[in-house]
>>> print(open('protein11.cif').read())   # mmCIF, C-alpha atoms; chains and numbers go by the auth columns
data_data
loop_
_atom_site.group_PDB
_atom_site.id
_atom_site.type_symbol
_atom_site.label_atom_id
_atom_site.label_comp_id
_atom_site.label_asym_id
_atom_site.label_seq_id
_atom_site.Cartn_x
_atom_site.Cartn_y
_atom_site.Cartn_z
_atom_site.B_iso_or_equiv
_atom_site.auth_seq_id
_atom_site.auth_asym_id
ATOM 1 C CA ALA A 1 143.854 147.273 90.862 0.00 1 T
ATOM 2 C CA THR A 2 146.682 148.997 92.692 0.00 2 T
ATOM 3 C CA TYR A 3 148.411 150.507 89.629 0.00 3 T
ATOM 4 C CA ASP A 4 151.819 149.712 91.184 0.00 4 T
ATOM 5 C CA PHE A 5 151.050 151.783 94.274 0.00 5 T
ATOM 6 C CA GLY A 6 152.640 150.367 97.384 0.00 6 T
ATOM 7 C CA PHE A 7 152.156 151.080 101.048 0.00 7 T
ATOM 8 C CA PRO A 8 154.346 153.913 102.373 0.00 8 T
ATOM 9 C CA ASP A 9 157.357 153.085 104.493 0.00 9 T
ATOM 10 C CA ALA A 10 159.042 155.297 107.080 0.00 10 T
ATOM 11 C CA THR A 11 161.136 157.112 104.460 0.00 11 T
ATOM 12 C CA MET A 12 158.250 157.975 102.142 0.00 12 T
ATOM 13 C CA PRO A 13 156.480 161.285 102.712 0.00 13 T
ATOM 14 C CA LEU A 14 152.748 160.839 103.295 0.00 14 T
ATOM 15 C CA LYS A 15 150.603 162.149 100.478 0.00 15 T
ATOM 16 C CA ARG A 16 146.885 162.750 100.697 0.00 16 T
ATOM 17 C CA ARG A 17 144.984 160.408 98.388 0.00 17 T
ATOM 18 C CA ARG A 18 141.753 161.640 96.844 0.00 18 T
ATOM 19 C CA LEU A 19 138.541 159.597 96.620 0.00 19 T
ATOM 20 C CA PHE A 20 136.614 159.143 93.383 0.00 20 T
ATOM 21 C CA TYR A 21 133.125 157.597 93.402 0.00 21 T
ATOM 22 C CA GLY A 22 131.113 156.068 90.590 0.00 22 T
ATOM 23 C CA ALA A 23 127.593 154.656 90.447 0.00 23 T
ATOM 24 C CA LEU A 24 124.840 153.846 87.993 0.00 24 T
ATOM 25 C CA ILE A 25 121.675 155.823 88.601 0.00 25 T
ATOM 26 C CA SER A 26 118.143 155.282 87.361 0.00 26 T
ATOM 27 C CA GLY A 27 114.900 155.113 89.294 0.00 27 T
ATOM 28 C CA ASP A 28 116.452 155.520 92.734 0.00 28 T
ATOM 29 C CA SER A 29 114.187 157.310 95.179 0.00 29 T
ATOM 30 C CA ALA A 30 115.099 160.846 96.216 0.00 30 T
ATOM 31 C CA GLU A 31 115.240 159.717 99.860 0.00 31 T
ATOM 32 C CA VAL A 32 117.867 157.065 99.126 0.00 32 T
ATOM 33 C CA ILE A 33 119.947 159.497 97.065 0.00 33 T
ATOM 34 C CA LYS A 34 119.738 162.132 99.835 0.00 34 T
ATOM 35 C CA ALA A 35 120.702 159.641 102.550 0.00 35 T
ATOM 36 C CA THR A 36 123.679 158.418 100.544 0.00 36 T
ATOM 37 C CA SER A 37 124.854 161.913 99.687 0.00 37 T
ATOM 38 C CA MET A 38 124.632 163.054 103.332 0.00 38 T
ATOM 39 C CA GLU A 39 127.026 160.273 104.313 0.00 39 T
ATOM 40 C CA GLN A 40 129.362 161.295 101.486 0.00 40 T
ATOM 41 C CA TYR A 41 129.070 165.083 101.795 0.00 41 T
ATOM 42 C CA ASN A 42 132.352 166.779 100.775 0.00 42 T
ATOM 43 C CA ILE A 43 134.274 163.496 101.026 0.00 43 T
ATOM 44 C CA TYR A 44 134.819 162.736 97.341 0.00 44 T
ATOM 45 C CA HIS A 45 136.875 164.667 94.832 0.00 45 T
ATOM 46 C CA THR A 46 134.586 163.470 92.008 0.00 46 T
ATOM 47 C CA VAL A 47 131.223 161.692 91.881 0.00 47 T
ATOM 48 C CA SER A 48 130.571 160.098 88.500 0.00 48 T
ATOM 49 C CA LEU A 49 126.985 159.033 87.832 0.00 49 T
ATOM 50 C CA ILE A 50 125.835 157.239 84.676 0.00 50 T
ATOM 51 C CA GLU A 51 122.247 156.927 83.467 0.00 51 T
ATOM 52 C CA SER A 52 121.053 154.657 80.667 0.00 52 T
ATOM 53 C CA ASN A 53 117.935 154.809 78.534 0.00 53 T
ATOM 54 C CA SER A 54 117.334 151.074 78.871 0.00 54 T
ATOM 55 C CA THR A 55 116.988 148.549 81.667 0.00 55 T
ATOM 56 C CA HIS A 56 119.295 145.575 82.175 0.00 56 T
ATOM 57 C CA ASN A 57 117.075 143.405 79.977 0.00 57 T
ATOM 58 C CA LEU A 58 117.287 146.113 77.245 0.00 58 T
ATOM 59 C CA SER A 59 113.713 147.323 77.710 0.00 59 T
ATOM 60 C CA PRO A 60 113.553 151.035 76.870 0.00 60 T
ATOM 61 C CA LYS A 61 113.027 153.520 79.691 0.00 61 T
ATOM 62 C CA LYS A 62 112.697 157.287 79.876 0.00 62 T
ATOM 63 C CA TRP A 63 115.646 159.413 80.899 0.00 63 T
ATOM 64 C CA ARG A 64 115.299 160.762 84.416 0.00 64 T
ATOM 65 C CA PHE A 65 118.056 163.403 84.304 0.00 65 T
ATOM 66 C CA PHE A 66 117.971 164.419 80.624 0.00 66 T
ATOM 67 C CA GLY A 67 115.679 165.960 78.070 0.00 67 T
ATOM 68 C CA SER A 68 113.036 167.921 79.975 0.00 68 T
ATOM 69 C CA GLU A 69 112.630 170.851 82.338 0.00 69 T
ATOM 70 C CA ASP A 70 111.926 168.465 85.233 0.00 70 T
ATOM 71 C CA ALA A 71 115.064 166.503 84.362 0.00 71 T
ATOM 72 C CA SER A 72 117.084 169.716 84.394 0.00 72 T
ATOM 73 C CA LYS A 73 115.740 170.583 87.863 0.00 73 T
ATOM 74 C CA GLU A 74 116.513 167.095 89.179 0.00 74 T
ATOM 75 C CA LEU A 75 120.006 167.245 87.716 0.00 75 T
ATOM 76 C CA ASN A 76 120.641 170.614 89.331 0.00 76 T
ATOM 77 C CA TRP A 77 119.415 169.171 92.655 0.00 77 T
ATOM 78 C CA LEU A 78 121.735 166.185 92.231 0.00 78 T
ATOM 79 C CA TYR A 79 124.767 168.401 91.545 0.00 79 T
ATOM 80 C CA GLN A 80 124.312 170.128 94.913 0.00 80 T
ATOM 81 C CA LEU A 81 123.832 167.055 97.106 0.00 81 T
ATOM 82 C CA PHE A 82 127.437 165.927 97.525 0.00 82 T
ATOM 83 C CA GLY A 83 128.838 169.244 98.764 0.00 83 T
ATOM 84 C CA PRO A 84 130.543 172.282 97.250 0.00 84 T
ATOM 85 C CA LYS A 85 133.986 170.631 97.224 0.00 85 T
ATOM 86 C CA THR A 86 132.828 167.644 95.153 0.00 86 T
ATOM 87 C CA LYS A 87 132.689 167.606 91.355 0.00 87 T
ATOM 88 C CA VAL A 88 129.486 165.805 90.381 0.00 88 T
ATOM 89 C CA SER A 89 128.991 164.693 86.794 0.00 89 T
ATOM 90 C CA MET A 90 126.210 162.874 84.994 0.00 90 T
ATOM 91 C CA ASP A 91 127.041 160.917 81.869 0.00 91 T
ATOM 92 C CA TYR A 92 124.577 159.073 79.690 0.00 92 T
ATOM 93 C CA TYR A 93 124.831 155.630 78.149 0.00 93 T
ATOM 94 C CA ILE A 94 122.871 154.355 75.159 0.00 94 T
ATOM 95 C CA PRO A 95 123.391 150.645 74.459 0.00 95 T
ATOM 96 C CA SER A 96 123.927 149.745 70.825 0.00 96 T
ATOM 97 C CA LEU A 97 123.131 146.060 71.232 0.00 97 T
ATOM 98 C CA GLU A 98 119.668 144.631 70.882 0.00 98 T
ATOM 99 C CA LYS A 99 118.006 141.826 72.809 0.00 99 T
ATOM 100 C CA GLY A 100 119.697 138.511 72.125 0.00 100 T
ATOM 101 C CA GLN A 101 123.060 140.081 71.242 0.00 101 T
ATOM 102 C CA GLU A 102 124.334 140.400 74.791 0.00 102 T
ATOM 103 C CA SER A 103 127.188 138.063 75.686 0.00 103 T
ATOM 104 C CA ASP A 104 126.310 137.703 79.389 0.00 104 T
ATOM 105 C CA ALA A 105 123.828 139.067 81.886 0.00 105 T
ATOM 106 C CA MET A 106 126.160 141.759 83.265 0.00 106 T
ATOM 107 C CA TYR A 107 127.527 143.174 80.016 0.00 107 T
ATOM 108 C CA LEU A 108 125.424 146.343 80.312 0.00 108 T
ATOM 109 C CA ASP A 109 126.861 147.089 83.783 0.00 109 T
ATOM 110 C CA TYR A 110 130.376 146.565 82.475 0.00 110 T
ATOM 111 C CA TYR A 111 129.996 148.984 79.564 0.00 111 T
ATOM 112 C CA GLN A 112 128.218 151.623 81.620 0.00 112 T
ATOM 113 C CA ARG A 113 130.777 151.478 84.433 0.00 113 T
ATOM 114 C CA GLU A 114 133.580 151.878 81.904 0.00 114 T
ATOM 115 C CA GLY A 115 132.460 155.500 81.653 0.00 115 T
ATOM 116 C CA HIS A 116 133.564 156.188 85.236 0.00 116 T
ATOM 117 C CA SER A 117 137.247 155.730 84.413 0.00 117 T
ATOM 118 C CA TYR A 118 136.963 158.238 81.564 0.00 118 T
ATOM 119 C CA ARG A 119 135.252 160.798 83.821 0.00 119 T
ATOM 120 C CA TRP A 120 137.784 160.280 86.606 0.00 120 T
ATOM 121 C CA LYS A 121 140.695 160.716 84.211 0.00 121 T
ATOM 122 C CA PHE A 122 139.076 163.869 82.827 0.00 122 T
ATOM 123 C CA ASN A 123 138.814 165.215 86.394 0.00 123 T
ATOM 124 C CA GLY A 124 142.496 164.582 87.127 0.00 124 T
ATOM 125 C CA MET A 125 142.629 161.183 88.808 0.00 125 T
ATOM 126 C CA ARG A 126 146.192 160.091 89.553 0.00 126 T
ATOM 127 C CA PRO A 127 147.527 156.544 89.995 0.00 127 T
ATOM 128 C CA ASP A 128 147.656 156.944 93.783 0.00 128 T
ATOM 129 C CA ASP A 129 144.022 158.113 94.111 0.00 129 T
ATOM 130 C CA ILE A 130 141.270 155.727 95.262 0.00 130 T
ATOM 131 C CA ALA A 131 138.231 154.724 93.192 0.00 131 T
ATOM 132 C CA ILE A 132 135.008 153.353 94.659 0.00 132 T
ATOM 133 C CA ILE A 133 132.374 151.869 92.369 0.00 133 T
ATOM 134 C CA ALA A 134 128.930 151.210 93.819 0.00 134 T
#
>>> encode(input="protein11.cif", output="structure tokens")
Amino acid sequence: ATYDFGFPDATMPLKRRRLFYGALISGDSAEVIKATSMEQYNIYHTVSLIESNSTHNLSPKKWRFFGSEDASKELNWLYQLFGPKTKVSMDYYIPSLEKGQESDAMYLDYYQREGHSYRWKFNGMRPDDIAIIA
């Protein structure tokens, strides 16, 4: 969505637009996360990551970034990967539906990704900023 933002013309002063990134995170390998973060180092204003305690077919899974000393260490590691100028946040999603109640196969993605817009707004996203959802 463009949120009524148009392309600048010659009379409009150029304004720097900030980048906001959002992704779901779960069992991704540390190597993949490091490679991705190196490409994105100090580029984004905010990185919003969301972890769930269930898989897409609603099978329960353990939290990776919550609830233990190891999780705390991994979360601290994750906060540092995207650079000192980037705000990194981890939010958690717990689905309230049970198997058989889902309306379509991608409903879990939809509800989890909805959390990115709340995080971005909390971190000061403006209508002319750019959002990227992976």
>>> residues_around(input="protein11.cif", residues="T:Met90", least_positions_apart="2", cutoff="8 Å", atoms="only C-alpha atoms", output="short mmCIF file (atom, residue, chain, number, x, y, z; two decimals) with C-alpha atoms, in the frame of the given file")
data_model
loop_
_atom_site.label_atom_id
_atom_site.label_comp_id
_atom_site.auth_asym_id
_atom_site.auth_seq_id
_atom_site.Cartn_x
_atom_site.Cartn_y
_atom_site.Cartn_z
CA SER T 48 130.57 160.10 88.50
CA LEU T 49 126.98 159.03 87.83
CA ILE T 50 125.84 157.24 84.68
CA GLU T 51 122.25 156.93 83.47
CA VAL T 88 129.49 165.80 90.38
CA TYR T 92 124.58 159.07 79.69
#
>>> closest_residue(input="protein11.cif", among="T:Pro127, T:Lys85, T:Gly115, T:Leu75", to="T:Ala30", atoms="all atoms listed in the file")
T:Leu75
>>> atom_distance(input="protein11.cif", atom1="atom CA of T:Leu19", atom2="atom CA of T:Leu81")
16.5 Å
>>> closest_residue(input="protein11.cif", among="T:Ala35, T:Leu78, T:Val47, T:Ile94", to="T:Ser117", atoms="only C-alpha atoms")
T:Val47
>>> residues_around(input="protein11.cif", residues="T:Ile33", least_positions_apart="6", cutoff="12 Å", atoms="all atoms listed in the file", output="list in words")
Ala23, Leu24, Ile25, Ser26, Gly27, Glu39, Gln40, Tyr41, Leu49, Glu74, Trp77, Leu78, Tyr79, Gln80, Leu81 and Phe82 of chain T
>>> resolve_selection(input="protein11.cif", expression="the PyMOL selection byres ((chain T and resi 120) around 12)", output="tab-separated table (two decimals) with C-alpha atoms, in the coordinates of the input")
chain	number	residue	atom	x	y	z
T	18	ARG	CA	141.75	161.64	96.84
T	19	LEU	CA	138.54	159.60	96.62
T	20	PHE	CA	136.61	159.14	93.38
T	21	TYR	CA	133.12	157.60	93.40
T	22	GLY	CA	131.11	156.07	90.59
T	44	TYR	CA	134.82	162.74	97.34
T	45	HIS	CA	136.88	164.67	94.83
T	46	THR	CA	134.59	163.47	92.01
T	47	VAL	CA	131.22	161.69	91.88
T	48	SER	CA	130.57	160.10	88.50
T	49	LEU	CA	126.98	159.03	87.83
T	87	LYS	CA	132.69	167.61	91.36
T	88	VAL	CA	129.49	165.80	90.38
T	89	SER	CA	128.99	164.69	86.79
T	90	MET	CA	126.21	162.87	84.99
T	91	ASP	CA	127.04	160.92	81.87
T	113	ARG	CA	130.78	151.48	84.43
T	114	GLU	CA	133.58	151.88	81.90
T	115	GLY	CA	132.46	155.50	81.65
T	116	HIS	CA	133.56	156.19	85.24
T	117	SER	CA	137.25	155.73	84.41
T	118	TYR	CA	136.96	158.24	81.56
T	119	ARG	CA	135.25	160.80	83.82
T	121	LYS	CA	140.70	160.72	84.21
T	122	PHE	CA	139.08	163.87	82.83
T	123	ASN	CA	138.81	165.22	86.39
T	124	GLY	CA	142.50	164.58	87.13
T	125	MET	CA	142.63	161.18	88.81
T	126	ARG	CA	146.19	160.09	89.55
T	127	PRO	CA	147.53	156.54	90.00
T	129	ASP	CA	144.02	158.11	94.11
T	130	ILE	CA	141.27	155.73	95.26
T	131	ALA	CA	138.23	154.72	93.19
T	132	ILE	CA	135.01	153.35	94.66
T	133	ILE	CA	132.37	151.87	92.37
>>> atom_distance(input="protein11.cif", atom1="atom CA of T:Asn53", atom2="atom CA of T:Asn76")
19.3 Å
>>> atom_distance(input="protein11.cif", atom1="atom CA of T:Arg64", atom2="atom CA of T:Tyr93")
12.5 Å
>>> closest_residue(input="protein11.cif", among="T:Ser68, T:Lys73, T:Thr55, T:Ala134", to="T:Pro95", atoms="all atoms listed in the file")
T:Thr55
>>> closest_residue(input="protein11.cif", among="T:Asp128, T:Thr86, T:Lys15, T:Ser54", to="T:Ser37", atoms="all atoms listed in the file")
T:Thr86
>>> closest_residue(input="protein11.cif", among="T:Met106, T:Gly83, T:Asp28, T:Thr11", to="T:Phe65", atoms="only C-alpha atoms")
T:Asp28
